[in-house]
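Enquirer: Got a structure here, written out as structure tokens. Questions coming.
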Amino acid sequence: MINPKLYLDILFDEGVSFFTGVPDSLLKDFCACVTSSVKIEDHIIAANEGAAIGLAIGRYLGKGDLPMVYLQNSGLGNIVNPLLSLASPQVYGVPMLILLGWRGEPGLKDEPQHVHQGSVMLDMLEAMNVPTIILSDDIKELSEQTKDASRQAKEISGPVALVARKGIFEDYSIDKGTSNKEMTREESIIEAIDSIELDAAIISTTGMASRELFEYRALKKMGHHRDFLTVGGMGHASQIALGIAFSQPKRPVYCFDGDGAVLMHMGSLAISGQSKCDNFTHILLNNGVHGSVGGQPTVGFEIDFCKIAEACGYGFTIKITERDEIRNAIKISQRTKGPSFIEIQTLPGNKKNIGRPTSTPMENKENLIKFLDG
């Protein structure tokens with residue numbers, strides 16, 4: 001295993017002085033090291049992976065040094081356009097290193113949403129003519145690989161991918177400070193579930209929110225047929241929910257979303273807000289961090305989501321910080337014309353023994369379709 005600080009020093013030696021990306025569970029220790037070791041102006045946690053490529057291009061244009069973009073390979077799709085239409089040696093020719101966490105590596109057990117992506121990742125990079133190096137867990141070999149990647153990026157004036165396998169980095173912890181919030185995301189989810197209609201459909205965002213929803217349903221023996229667990233596709237849960245709400249206008253539809261997910265594709269707020277969809281309620285569980293991939297901060301507490309949602313056309317918006325406010329807010333949303341937006345600010349983190357869904361994504365889909373047909 002590699003000490004993240006030693007690897008960061010190797011990158012510094014190669015002239016890498018700017019870091020941007022979206023945190024990844026396989027890279028969380030490296031990301032934590034970057035957060036604690038790199039100046040704020042030299043490290044930007046991006047809204048999405050494509051935007052990180054844009055930030056890296058801007059840094060190169062403005063300062064001329066070699067940037068690094070980090071991401072989980074599930075975000076590879078988000079970088080294809082700016083990678084090929086901007087950074088490519090055939091267009092603007094911008095050298096950069098792209099550090100990819102290899103979820104779903106063939107031969108290793110992983111969550112179902114990562115299996116397909118992991119199996120085709122190397123082929124995708126090859127098809128895009130992006131030179132790719134699978135990083136070694138030997139520090140000397142890793143150092144040589146990084147030197148070669150840096151040299152190659154500069155020679156071709158384009159991106160070079162560095163692939164990190166599971167477990168490559170040693171643990172690295174940072175002080176995440178304290179929070180003045182009063183309730184956990186799980187408590188918020190439970191209160192919301194207990195407040196909504198029995199015939200409502202819930203579409204929950206990827207990560208811990210879906211796992212907490214599934215676990216509470218199992219605990220209360222409610223069944224999981226009313227929920228769609230968006231186990232992949234970060235940032236797309238709200239539009240899945242809106243699509244269901246449009247197709248079933250008499251059924252209440254709720255989206256349980258996260259701050260990182262909303263930020264990733266914030267343009268969807270405008271589409272939802274302008275939908276005039278009376279049966280759509282968007283519940284944002286804002287804990288100010290990318291909670292499922294190491295707790296790296298978002299700007300969730302620094303901006304006013306409710307004002308943005310209101311400007312986008314949501315008929316009712318409210319910010320909540322206490323659990324006993326949730327039930328009343330949902331009651332108001334149920335009689336509001338147009339879509340509603342409820343932001344619930346929560347503590348970061350989750351309990352350590354949180355379970356995972358025991359049904360497959362295909363079973364989840366089929367059970368929900370039966371419920372919606374009923």
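A note on labels: chains of the structure tokens are A, B, ... as shown, every chain counts residues from 1, and ligands are counted from 1 in their shown order.
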For range 116-120 of chain A, please output as JSON, numbers by chain all residues within 12 Å (counting only C-alpha atoms; exclusion window: fewer than 5 positions along the same chain).
Expert: {"A": [72, 73, 74, 75, 76, 77, 100, 101, 102, 103, 104, 105, 106, 107, 108, 109, 110, 111, 125, 126, 127, 163, 164, 165, 166, 232, 233]}
Enquirer: Could those residues be written to a file, using N, CA, C and O atoms, as a short mmCIF file (atom, residue, chain, number, x, y, z; two decimals), in the first residue's frame?
Expert:
data_model
loop_
_atom_site.label_atom_id
_atom_site.label_comp_id
_atom_site.auth_asym_id
_atom_site.auth_seq_id
_atom_site.Cartn_x
_atom_site.Cartn_y
_atom_site.Cartn_z
N GLN A 72 -13.87 8.79 -9.68
CA GLN A 72 -14.21 7.38 -9.77
C GLN A 72 -14.48 7.06 -11.24
O GLN A 72 -14.97 7.92 -11.98
N ASN A 73 -14.19 5.85 -11.67
CA ASN A 73 -14.41 5.54 -13.09
C ASN A 73 -15.86 5.63 -13.50
O ASN A 73 -16.16 5.74 -14.70
N SER A 74 -16.80 5.65 -12.56
CA SER A 74 -18.20 5.86 -12.92
C SER A 74 -18.42 7.25 -13.51
O SER A 74 -19.41 7.48 -14.21
N GLY A 75 -17.51 8.16 -13.23
CA GLY A 75 -17.60 9.51 -13.79
C GLY A 75 -16.93 9.65 -15.14
O GLY A 75 -16.87 10.76 -15.69
N LEU A 76 -16.44 8.55 -15.68
CA LEU A 76 -15.74 8.61 -16.96
C LEU A 76 -16.64 9.16 -18.05
O LEU A 76 -16.20 9.94 -18.92
N GLY A 77 -17.92 8.77 -18.00
CA GLY A 77 -18.85 9.26 -19.00
C GLY A 77 -19.00 10.77 -18.99
O GLY A 77 -19.20 11.41 -20.04
N LEU A 100 -7.91 7.74 -11.86
CA LEU A 100 -9.19 7.03 -11.86
C LEU A 100 -9.21 5.92 -10.82
O LEU A 100 -8.34 5.06 -10.81
N GLY A 101 -10.22 5.94 -9.95
CA GLY A 101 -10.44 4.82 -9.05
C GLY A 101 -11.18 3.71 -9.79
O GLY A 101 -12.26 3.95 -10.35
N TRP A 102 -10.61 2.51 -9.81
CA TRP A 102 -11.15 1.42 -10.62
C TRP A 102 -12.19 0.63 -9.84
O TRP A 102 -11.91 -0.44 -9.31
N ARG A 103 -13.43 1.14 -9.78
CA ARG A 103 -14.52 0.34 -9.23
C ARG A 103 -14.94 -0.69 -10.26
O ARG A 103 -14.90 -0.46 -11.47
N GLY A 104 -15.36 -1.86 -9.80
CA GLY A 104 -15.82 -2.92 -10.69
C GLY A 104 -14.72 -3.58 -11.48
O GLY A 104 -14.95 -4.12 -12.56
N GLU A 105 -13.50 -3.60 -10.93
CA GLU A 105 -12.41 -4.27 -11.63
C GLU A 105 -12.76 -5.75 -11.82
O GLU A 105 -13.17 -6.42 -10.87
N PRO A 106 -12.63 -6.27 -13.03
CA PRO A 106 -12.96 -7.68 -13.26
C PRO A 106 -12.22 -8.61 -12.31
O PRO A 106 -11.03 -8.44 -12.06
N GLY A 107 -12.95 -9.56 -11.75
CA GLY A 107 -12.36 -10.51 -10.82
C GLY A 107 -12.49 -10.12 -9.37
O GLY A 107 -12.23 -10.93 -8.48
N LEU A 108 -12.91 -8.88 -9.11
CA LEU A 108 -13.11 -8.41 -7.74
C LEU A 108 -14.59 -8.16 -7.49
O LEU A 108 -15.27 -7.60 -8.35
N LYS A 109 -15.08 -8.55 -6.33
CA LYS A 109 -16.48 -8.33 -6.00
C LYS A 109 -16.74 -6.86 -5.78
O LYS A 109 -15.98 -6.16 -5.11
N ASP A 110 -17.83 -6.35 -6.34
CA ASP A 110 -18.20 -4.95 -6.18
C ASP A 110 -19.70 -4.81 -6.30
O ASP A 110 -20.40 -5.78 -6.63
N GLU A 111 -20.20 -3.62 -6.06
CA GLU A 111 -21.64 -3.36 -6.17
C GLU A 111 -22.07 -3.47 -7.64
O GLU A 111 -21.29 -3.19 -8.55
N LEU A 125 -10.99 3.94 -22.52
CA LEU A 125 -9.81 4.80 -22.57
C LEU A 125 -9.00 4.54 -23.84
O LEU A 125 -8.50 5.48 -24.48
N GLU A 126 -8.89 3.28 -24.20
CA GLU A 126 -8.16 2.94 -25.43
C GLU A 126 -8.87 3.51 -26.65
O GLU A 126 -8.22 4.04 -27.57
N ALA A 127 -10.20 3.40 -26.68
CA ALA A 127 -10.97 3.90 -27.81
C ALA A 127 -10.82 5.42 -27.95
O ALA A 127 -10.89 5.95 -29.06
N VAL A 163 -4.64 4.65 -13.40
CA VAL A 163 -5.71 3.84 -12.83
C VAL A 163 -5.28 3.30 -11.47
O VAL A 163 -4.24 2.64 -11.36
N ALA A 164 -6.07 3.58 -10.44
CA ALA A 164 -5.77 3.12 -9.08
C ALA A 164 -6.70 1.98 -8.70
O ALA A 164 -7.93 2.11 -8.73
N ARG A 165 -6.10 0.83 -8.34
CA ARG A 165 -6.88 -0.32 -7.90
C ARG A 165 -7.34 -0.14 -6.45
O ARG A 165 -6.78 0.66 -5.70
N LYS A 166 -8.31 -0.93 -6.08
CA LYS A 166 -8.82 -0.92 -4.72
C LYS A 166 -7.71 -1.26 -3.73
O LYS A 166 -6.93 -2.19 -3.94
N GLY A 232 -26.61 3.97 -8.98
CA GLY A 232 -25.56 4.62 -9.75
C GLY A 232 -26.08 5.93 -10.29
O GLY A 232 -27.08 6.46 -9.81
N GLY A 233 -25.42 6.47 -11.31
CA GLY A 233 -25.94 7.66 -11.98
C GLY A 233 -26.12 8.84 -11.06
O GLY A 233 -27.19 9.46 -11.02
#
Enquirer: Each residue of range 140-225 of chain A lying at most 12 Å from range 238-260 of chain A should get a row with its shortest atom-to-atom pair and the distance in Å to one decimal, counting only C-alpha atoms; could you produce that, ordered by chain and increasing number, as CSV?
Expert:
residue,atom,partner,partner_atom,distance
A:Arg185,CA,A:Gly258,CA,9.8
A:Glu186,CA,A:Phe256,CA,11.4
A:Ser188,CA,A:Phe256,CA,10.2
A:Ile189,CA,A:Phe256,CA,8.0
A:Ile190,CA,A:Phe256,CA,11.4
A:Ala192,CA,A:Phe256,CA,9.3
A:Ile193,CA,A:Tyr254,CA,9.8
A:Ser195,CA,A:Tyr254,CA,11.5
A:Ile196,CA,A:Pro252,CA,8.5
A:Glu197,CA,A:Pro252,CA,7.3
A:Leu198,CA,A:Pro252,CA,9.2
A:Asp199,CA,A:Arg251,CA,6.9
A:Ala200,CA,A:Pro252,CA,4.7
A:Ala201,CA,A:Val253,CA,4.9
A:Ile202,CA,A:Tyr254,CA,4.8
A:Ile203,CA,A:Cys255,CA,4.8
A:Ser204,CA,A:Phe256,CA,4.5
A:Thr205,CA,A:Asp257,CA,5.1
A:Thr206,CA,A:Asp257,CA,8.3
A:Gly207,CA,A:Gly258,CA,9.0
A:Met208,CA,A:Gly258,CA,9.6
A:Ala209,CA,A:Phe256,CA,7.4
A:Ser210,CA,A:Phe256,CA,8.3
A:Arg211,CA,A:Phe256,CA,11.7
A:Glu212,CA,A:Phe256,CA,11.0
A:Leu213,CA,A:Phe256,CA,9.2
Enquirer: Would you kindly return, as a CSV table (one decimal) with N, CA, C and O atoms, in the first residue's frame, each protein, DNA or RNA residue with an atom no farther than 9 Å from any atom of Leu8 in chain A, considering only C-alpha atoms and excluding same-chain residues fewer than 5 positions away?
Expert:
chain,number,residue,atom,x,y,z
A,3,ASN,N,1.6,5.3,0.9
A,3,ASN,CA,1.3,6.4,1.7
A,3,ASN,C,0.9,7.6,0.9
A,3,ASN,O,1.6,8.0,0.0
A,13,ASP,N,6.9,16.8,-7.2
A,13,ASP,CA,8.2,16.7,-7.9
A,13,ASP,C,8.0,16.7,-9.4
A,13,ASP,O,8.9,17.2,-10.1
A,16,VAL,N,3.1,18.8,-10.7
A,16,VAL,CA,1.7,18.9,-10.5
A,16,VAL,C,1.4,19.8,-9.3
A,16,VAL,O,1.8,19.5,-8.2
A,30,PHE,N,-6.3,9.4,-0.5
A,30,PHE,CA,-5.5,10.4,-1.3
A,30,PHE,C,-6.2,11.7,-1.3
A,30,PHE,O,-5.6,12.8,-1.2
A,33,CYS,N,-5.7,13.6,1.8
A,33,CYS,CA,-4.4,14.1,1.9
A,33,CYS,C,-4.3,15.4,1.1
A,33,CYS,O,-3.6,16.4,1.5
A,34,VAL,N,-4.8,15.4,-0.1
A,34,VAL,CA,-4.8,16.6,-0.9
A,34,VAL,C,-5.5,17.7,-0.2
A,34,VAL,O,-5.1,18.9,-0.1
A,37,SER,N,-3.3,19.1,2.5
A,37,SER,CA,-1.9,19.4,2.2
A,37,SER,C,-1.8,20.5,1.1
A,37,SER,O,-0.7,21.1,1.0
Enquirer: Would you return as a PyMOL selection string the members of range 139-219 of chain A that DSSP assigns to strand (DSSP E or B) on this structure's backbone?
Expert: chain A and resi 159-164+169+184+201-204
Enquirer: What parts of range 70-238 of chain A does DSSP call alpha helix (DSSP H)? I'd like the answer as a PDB file with N, CA and C atoms, in the first residue's frame.
Expert:
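See out.pdb below for the written result:
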ATOM      1  N   LEU A  76     -16.440   8.548 -15.675  1.00  0.00           N
ATOM      2  CA  LEU A  76     -15.736   8.611 -16.956  1.00  0.00           C
ATOM      3  C   LEU A  76     -16.643   9.162 -18.054  1.00  0.00           C
ATOM      4  N   GLY A  77     -17.920   8.769 -18.002  1.00  0.00           N
ATOM      5  CA  GLY A  77     -18.854   9.265 -19.004  1.00  0.00           C
ATOM      6  C   GLY A  77     -18.996  10.771 -18.989  1.00  0.00           C
ATOM      7  N   ASN A  78     -18.886  11.380 -17.796  1.00  0.00           N
ATOM      8  CA  ASN A  78     -19.030  12.835 -17.682  1.00  0.00           C
ATOM      9  C   ASN A  78     -17.852  13.589 -18.281  1.00  0.00           C
ATOM     10  N   ILE A  79     -16.702  12.906 -18.440  1.00  0.00           N
ATOM     11  CA  ILE A  79     -15.533  13.635 -18.947  1.00  0.00           C
ATOM     12  C   ILE A  79     -15.287  13.409 -20.434  1.00  0.00           C
ATOM     13  N   VAL A  80     -16.069  12.510 -21.062  1.00  0.00           N
ATOM     14  CA  VAL A  80     -15.802  12.184 -22.462  1.00  0.00           C
ATOM     15  C   VAL A  80     -15.865  13.424 -23.351  1.00  0.00           C
ATOM     16  N   ASN A  81     -16.929  14.224 -23.211  1.00  0.00           N
ATOM     17  CA  ASN A  81     -17.075  15.383 -24.089  1.00  0.00           C
ATOM     18  C   ASN A  81     -15.939  16.396 -23.940  1.00  0.00           C
ATOM     19  N   PRO A  82     -15.681  16.933 -22.726  1.00  0.00           N
ATOM     20  CA  PRO A  82     -14.583  17.900 -22.626  1.00  0.00           C
ATOM     21  C   PRO A  82     -13.214  17.290 -22.897  1.00  0.00           C
ATOM     22  N   PRO A 112     -23.335  -3.865  -7.878  1.00  0.00           N
ATOM     23  CA  PRO A 112     -23.781  -4.128  -9.259  1.00  0.00           C
ATOM     24  C   PRO A 112     -23.648  -2.939 -10.202  1.00  0.00           C
ATOM     25  N   GLN A 113     -23.790  -1.717  -9.675  1.00  0.00           N
ATOM     26  CA  GLN A 113     -23.711  -0.553 -10.550  1.00  0.00           C
ATOM     27  C   GLN A 113     -22.315  -0.295 -11.090  1.00  0.00           C
ATOM     28  N   HIS A 114     -21.304  -0.959 -10.501  1.00  0.00           N
ATOM     29  CA  HIS A 114     -19.927  -0.734 -10.937  1.00  0.00           C
ATOM     30  C   HIS A 114     -19.402  -1.818 -11.883  1.00  0.00           C
ATOM     31  N   VAL A 115     -20.112  -2.930 -11.974  1.00  0.00           N
ATOM     32  CA  VAL A 115     -19.576  -4.079 -12.704  1.00  0.00           C
ATOM     33  C   VAL A 115     -19.383  -3.775 -14.182  1.00  0.00           C
ATOM     34  N   HIS A 116     -20.411  -3.248 -14.838  1.00  0.00           N
ATOM     35  CA  HIS A 116     -20.311  -2.978 -16.272  1.00  0.00           C
ATOM     36  C   HIS A 116     -19.246  -1.908 -16.544  1.00  0.00           C
ATOM     37  N   GLN A 117     -19.303  -0.828 -15.777  1.00  0.00           N
ATOM     38  CA  GLN A 117     -18.334   0.260 -15.962  1.00  0.00           C
ATOM     39  C   GLN A 117     -16.905  -0.245 -15.788  1.00  0.00           C
ATOM     40  N   GLY A 118     -16.696  -1.037 -14.752  1.00  0.00           N
ATOM     41  CA  GLY A 118     -15.350  -1.542 -14.496  1.00  0.00           C
ATOM     42  C   GLY A 118     -14.828  -2.443 -15.586  1.00  0.00           C
ATOM     43  N   SER A 119     -15.715  -3.218 -16.202  1.00  0.00           N
ATOM     44  CA  SER A 119     -15.281  -4.170 -17.223  1.00  0.00           C
ATOM     45  C   SER A 119     -14.915  -3.498 -18.542  1.00  0.00           C
ATOM     46  N   VAL A 120     -15.468  -2.320 -18.804  1.00  0.00           N
ATOM     47  CA  VAL A 120     -15.221  -1.658 -20.097  1.00  0.00           C
ATOM     48  C   VAL A 120     -14.316  -0.436 -19.981  1.00  0.00           C
ATOM     49  N   MET A 121     -13.888  -0.090 -18.772  1.00  0.00           N
ATOM     50  CA  MET A 121     -13.134   1.147 -18.566  1.00  0.00           C
ATOM     51  C   MET A 121     -11.879   1.221 -19.429  1.00  0.00           C
ATOM     52  N   LEU A 122     -11.060   0.174 -19.405  1.00  0.00           N
ATOM     53  CA  LEU A 122      -9.813   0.210 -20.165  1.00  0.00           C
ATOM     54  C   LEU A 122     -10.084   0.308 -21.665  1.00  0.00           C
ATOM     55  N   ASP A 123     -11.136  -0.374 -22.112  1.00  0.00           N
ATOM     56  CA  ASP A 123     -11.496  -0.311 -23.529  1.00  0.00           C
ATOM     57  C   ASP A 123     -11.953   1.103 -23.907  1.00  0.00           C
ATOM     58  N   MET A 124     -12.671   1.749 -23.022  1.00  0.00           N
ATOM     59  CA  MET A 124     -13.121   3.115 -23.288  1.00  0.00           C
ATOM     60  C   MET A 124     -11.934   4.064 -23.424  1.00  0.00           C
ATOM     61  N   LEU A 125     -10.988   3.941 -22.518  1.00  0.00           N
ATOM     62  CA  LEU A 125      -9.806   4.799 -22.567  1.00  0.00           C
ATOM     63  C   LEU A 125      -8.996   4.543 -23.838  1.00  0.00           C
ATOM     64  N   GLU A 126      -8.894   3.278 -24.198  1.00  0.00           N
ATOM     65  CA  GLU A 126      -8.162   2.938 -25.425  1.00  0.00           C
ATOM     66  C   GLU A 126      -8.868   3.507 -26.650  1.00  0.00           C
ATOM     67  N   ALA A 127     -10.204   3.395 -26.679  1.00  0.00           N
ATOM     68  CA  ALA A 127     -10.972   3.902 -27.813  1.00  0.00           C
ATOM     69  C   ALA A 127     -10.823   5.419 -27.955  1.00  0.00           C
ATOM     70  N   ILE A 139       6.195   1.619  -4.227  1.00  0.00           N
ATOM     71  CA  ILE A 139       6.440   3.054  -4.299  1.00  0.00           C
ATOM     72  C   ILE A 139       7.476   3.414  -5.360  1.00  0.00           C
ATOM     73  N   LYS A 140       8.509   2.589  -5.534  1.00  0.00           N
ATOM     74  CA  LYS A 140       9.532   2.906  -6.533  1.00  0.00           C
ATOM     75  C   LYS A 140       8.960   2.792  -7.942  1.00  0.00           C
ATOM     76  N   GLU A 141       8.235   1.717  -8.180  1.00  0.00           N
ATOM     77  CA  GLU A 141       7.632   1.543  -9.504  1.00  0.00           C
ATOM     78  C   GLU A 141       6.574   2.611  -9.748  1.00  0.00           C
ATOM     79  N   LEU A 142       5.819   2.926  -8.714  1.00  0.00           N
ATOM     80  CA  LEU A 142       4.794   3.967  -8.823  1.00  0.00           C
ATOM     81  C   LEU A 142       5.419   5.310  -9.188  1.00  0.00           C
ATOM     82  N   SER A 143       6.549   5.611  -8.586  1.00  0.00           N
ATOM     83  CA  SER A 143       7.238   6.868  -8.880  1.00  0.00           C
ATOM     84  C   SER A 143       7.664   6.923 -10.343  1.00  0.00           C
ATOM     85  N   GLU A 144       8.194   5.822 -10.866  1.00  0.00           N
ATOM     86  CA  GLU A 144       8.611   5.785 -12.269  1.00  0.00           C
ATOM     87  C   GLU A 144       7.407   5.898 -13.201  1.00  0.00           C
ATOM     88  N   GLN A 145       6.317   5.226 -12.823  1.00  0.00           N
ATOM     89  CA  GLN A 145       5.107   5.309 -13.637  1.00  0.00           C
ATOM     90  C   GLN A 145       4.590   6.748 -13.721  1.00  0.00           C
ATOM     91  N   THR A 146       4.632   7.451 -12.597  1.00  0.00           N
ATOM     92  CA  THR A 146       4.138   8.820 -12.565  1.00  0.00           C
ATOM     93  C   THR A 146       5.045   9.745 -13.367  1.00  0.00           C
ATOM     94  N   LYS A 147       6.346   9.517 -13.290  1.00  0.00           N
ATOM     95  CA  LYS A 147       7.286  10.299 -14.103  1.00  0.00           C
ATOM     96  C   LYS A 147       7.016  10.082 -15.588  1.00  0.00           C
ATOM     97  N   ASP A 148       6.806   8.825 -15.975  1.00  0.00           N
ATOM     98  CA  ASP A 148       6.523   8.509 -17.372  1.00  0.00           C
ATOM     99  C   ASP A 148       5.217   9.172 -17.822  1.00  0.00           C
ATOM    100  N   ALA A 149       4.210   9.124 -16.958  1.00  0.00           N
ATOM    101  CA  ALA A 149       2.918   9.719 -17.297  1.00  0.00           C
ATOM    102  C   ALA A 149       3.035  11.229 -17.467  1.00  0.00           C
ATOM    103  N   SER A 150       3.773  11.863 -16.562  1.00  0.00           N
ATOM    104  CA  SER A 150       3.980  13.306 -16.646  1.00  0.00           C
ATOM    105  C   SER A 150       4.702  13.684 -17.938  1.00  0.00           C
ATOM    106  N   ARG A 151       5.761  12.938 -18.247  1.00  0.00           N
ATOM    107  CA  ARG A 151       6.516  13.208 -19.465  1.00  0.00           C
ATOM    108  C   ARG A 151       5.646  13.020 -20.704  1.00  0.00           C
ATOM    109  N   GLN A 152       4.861  11.924 -20.700  1.00  0.00           N
ATOM    110  CA  GLN A 152       4.036  11.624 -21.862  1.00  0.00           C
ATOM    111  C   GLN A 152       2.941  12.671 -22.063  1.00  0.00           C
ATOM    112  N   ALA A 153       2.324  13.112 -20.972  1.00  0.00           N
ATOM    113  CA  ALA A 153       1.282  14.134 -21.076  1.00  0.00           C
ATOM    114  C   ALA A 153       1.818  15.405 -21.726  1.00  0.00           C
ATOM    115  N   LYS A 154       3.033  15.772 -21.343  1.00  0.00           N
ATOM    116  CA  LYS A 154       3.639  16.975 -21.917  1.00  0.00           C
ATOM    117  C   LYS A 154       4.052  16.756 -23.370  1.00  0.00           C
ATOM    118  N   GLU A 155       4.549  15.556 -23.686  1.00  0.00           N
ATOM    119  CA  GLU A 155       4.991  15.266 -25.057  1.00  0.00           C
ATOM    120  C   GLU A 155       3.832  15.261 -26.046  1.00  0.00           C
ATOM    121  N   ILE A 156       2.697  14.664 -25.639  1.00  0.00           N
ATOM    122  CA  ILE A 156       1.560  14.563 -26.559  1.00  0.00           C
ATOM    123  C   ILE A 156       0.619  15.759 -26.437  1.00  0.00           C
ATOM    124  N   ARG A 185     -29.073  12.238   8.743  1.00  0.00           N
ATOM    125  CA  ARG A 185     -29.819  12.001   7.500  1.00  0.00           C
ATOM    126  C   ARG A 185     -30.800  10.846   7.688  1.00  0.00           C
ATOM    127  N   GLU A 186     -30.367   9.815   8.397  1.00  0.00           N
ATOM    128  CA  GLU A 186     -31.238   8.656   8.617  1.00  0.00           C
ATOM    129  C   GLU A 186     -32.502   9.052   9.371  1.00  0.00           C
ATOM    130  N   GLU A 187     -32.362   9.882  10.415  1.00  0.00           N
ATOM    131  CA  GLU A 187     -33.533  10.360  11.149  1.00  0.00           C
ATOM    132  C   GLU A 187     -34.470  11.141  10.238  1.00  0.00           C
ATOM    133  N   SER A 188     -33.890  11.937   9.350  1.00  0.00           N
ATOM    134  CA  SER A 188     -34.701  12.729   8.417  1.00  0.00           C
ATOM    135  C   SER A 188     -35.467  11.832   7.459  1.00  0.00           C
ATOM    136  N   ILE A 189     -34.787  10.808   6.964  1.00  0.00           N
ATOM    137  CA  ILE A 189     -35.428   9.873   6.033  1.00  0.00           C
ATOM    138  C   ILE A 189     -36.583   9.147   6.714  1.00  0.00           C
ATOM    139  N   ILE A 190     -36.363   8.711   7.937  1.00  0.00           N
ATOM    140  CA  ILE A 190     -37.412   8.000   8.678  1.00  0.00           C
ATOM    141  C   ILE A 190     -38.632   8.890   8.878  1.00  0.00           C
ATOM    142  N   GLU A 191     -38.398  10.135   9.283  1.00  0.00           N
ATOM    143  CA  GLU A 191     -39.505  11.065   9.505  1.00  0.00           C
ATOM    144  C   GLU A 191     -40.256  11.340   8.209  1.00  0.00           C
ATOM    145  N   ALA A 192     -39.519  11.477   7.124  1.00  0.00           N
ATOM    146  CA  ALA A 192     -40.163  11.727   5.835  1.00  0.00           C
ATOM    147  C   ALA A 192     -40.998  10.530   5.393  1.00  0.00           C
ATOM    148  N   ILE A 193     -40.442   9.324   5.525  1.00  0.00           N
ATOM    149  CA  ILE A 193     -41.180   8.123   5.134  1.00  0.00           C
ATOM    150  C   ILE A 193     -42.481   8.009   5.924  1.00  0.00           C
ATOM    151  N   MET A 208     -25.492   6.446   0.533  1.00  0.00           N
ATOM    152  CA  MET A 208     -26.021   6.058   1.839  1.00  0.00           C
ATOM    153  C   MET A 208     -27.511   6.317   1.985  1.00  0.00           C
ATOM    154  N   ALA A 209     -28.045   7.324   1.321  1.00  0.00           N
ATOM    155  CA  ALA A 209     -29.474   7.629   1.457  1.00  0.00           C
ATOM    156  C   ALA A 209     -30.322   6.434   1.022  1.00  0.00           C
ATOM    157  N   SER A 210     -29.965   5.814  -0.088  1.00  0.00           N
ATOM    158  CA  SER A 210     -30.723   4.647  -0.553  1.00  0.00           C
ATOM    159  C   SER A 210     -30.567   3.465   0.400  1.00  0.00           C
ATOM    160  N   ARG A 211     -29.368   3.307   0.962  1.00  0.00           N
ATOM    161  CA  ARG A 211     -29.157   2.206   1.899  1.00  0.00           C
ATOM    162  C   ARG A 211     -29.972   2.416   3.179  1.00  0.00           C
ATOM    163  N   GLU A 212     -30.053   3.648   3.649  1.00  0.00           N
ATOM    164  CA  GLU A 212     -30.834   3.947   4.858  1.00  0.00           C
ATOM    165  C   GLU A 212     -32.327   3.779   4.597  1.00  0.00           C
ATOM    166  N   LEU A 213     -32.795   4.178   3.431  1.00  0.00           N
ATOM    167  CA  LEU A 213     -34.189   3.965   3.056  1.00  0.00           C
ATOM    168  C   LEU A 213     -34.512   2.473   3.031  1.00  0.00           C
ATOM    169  N   PHE A 214     -33.668   1.689   2.378  1.00  0.00           N
ATOM    170  CA  PHE A 214     -33.887   0.252   2.272  1.00  0.00           C
ATOM    171  C   PHE A 214     -33.903  -0.400   3.652  1.00  0.00           C
ATOM    172  N   GLU A 215     -32.970  -0.002   4.506  1.00  0.00           N
ATOM    173  CA  GLU A 215     -32.865  -0.626   5.829  1.00  0.00           C
ATOM    174  C   GLU A 215     -34.091  -0.329   6.686  1.00  0.00           C
ATOM    175  N   TYR A 216     -34.607   0.913   6.604  1.00  0.00           N
ATOM    176  CA  TYR A 216     -35.781   1.246   7.414  1.00  0.00           C
ATOM    177  C   TYR A 216     -37.004   0.486   6.928  1.00  0.00           C
ATOM    178  N   ARG A 217     -37.148   0.372   5.622  1.00  0.00           N
ATOM    179  CA  ARG A 217     -38.265  -0.411   5.093  1.00  0.00           C
ATOM    180  C   ARG A 217     -38.177  -1.861   5.591  1.00  0.00           C
ATOM    181  N   ALA A 218     -36.959  -2.414   5.595  1.00  0.00           N
ATOM    182  CA  ALA A 218     -36.778  -3.794   6.046  1.00  0.00           C
ATOM    183  C   ALA A 218     -37.091  -3.930   7.536  1.00  0.00           C
ATOM    184  N   LEU A 219     -36.639  -2.946   8.322  1.00  0.00           N
ATOM    185  CA  LEU A 219     -36.880  -2.977   9.764  1.00  0.00           C
ATOM    186  C   LEU A 219     -38.367  -2.984  10.077  1.00  0.00           C
ATOM    187  N   ALA A 237     -31.273  11.216  -9.981  1.00  0.00           N
ATOM    188  CA  ALA A 237     -32.468  10.710  -9.297  1.00  0.00           C
ATOM    189  C   ALA A 237     -33.663  11.630  -9.482  1.00  0.00           C
ATOM    190  N   SER A 238     -33.436  12.942  -9.440  1.00  0.00           N
ATOM    191  CA  SER A 238     -34.570  13.873  -9.516  1.00  0.00           C
ATOM    192  C   SER A 238     -35.275  13.793 -10.865  1.00  0.00           C
TER     193      SER A 238
END
Enquirer: Using only C-alpha atoms, find the one residue out of A:Glu363, A:Ala161, A:Leu99, A:Leu55 that sits nearest to Leu229 in chain A.
Expert: A:Glu363
Enquirer: Range 308-316 of chain A: which residues within 8 Å, counting only C-alpha atoms, same-chain residues fewer than 3 positions away excluded, as a list in words?
Expert: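 Here the answer would be Leu269, Ala270, Ile271, Ser272, Gly273, Gln274, Lys276, Asp304, Phe305, Ser333, Thr336, Lys337, Gly338, Pro339, Ser340 and Phe341 of chain A.
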Enquirer: Would you mind exporting the chosen residues as a short mmCIF file (atom, residue, chain, number, x, y, z; two decimals), in the first residue's frame, restricted to C-alpha atoms?
Expert:
data_model
loop_
_atom_site.label_atom_id
_atom_site.label_comp_id
_atom_site.auth_asym_id
_atom_site.auth_seq_id
_atom_site.Cartn_x
_atom_site.Cartn_y
_atom_site.Cartn_z
CA LEU A 269 -33.63 22.09 -10.85
CA ALA A 270 -34.71 24.43 -13.64
CA ILE A 271 -36.41 21.62 -15.55
CA SER A 272 -38.18 20.34 -12.43
CA GLY A 273 -39.16 23.83 -11.33
CA GLN A 274 -40.70 24.65 -14.68
CA LYS A 276 -45.66 22.60 -13.09
CA ASP A 304 -29.02 28.90 -0.67
CA PHE A 305 -30.63 25.92 -2.39
CA SER A 333 -46.12 20.29 -0.18
CA THR A 336 -49.07 23.09 -3.15
CA LYS A 337 -49.56 23.88 -6.83
CA GLY A 338 -46.47 22.94 -8.76
CA PRO A 339 -43.40 21.05 -7.53
CA SER A 340 -42.14 21.47 -3.96
CA PHE A 341 -38.57 21.68 -2.65
#
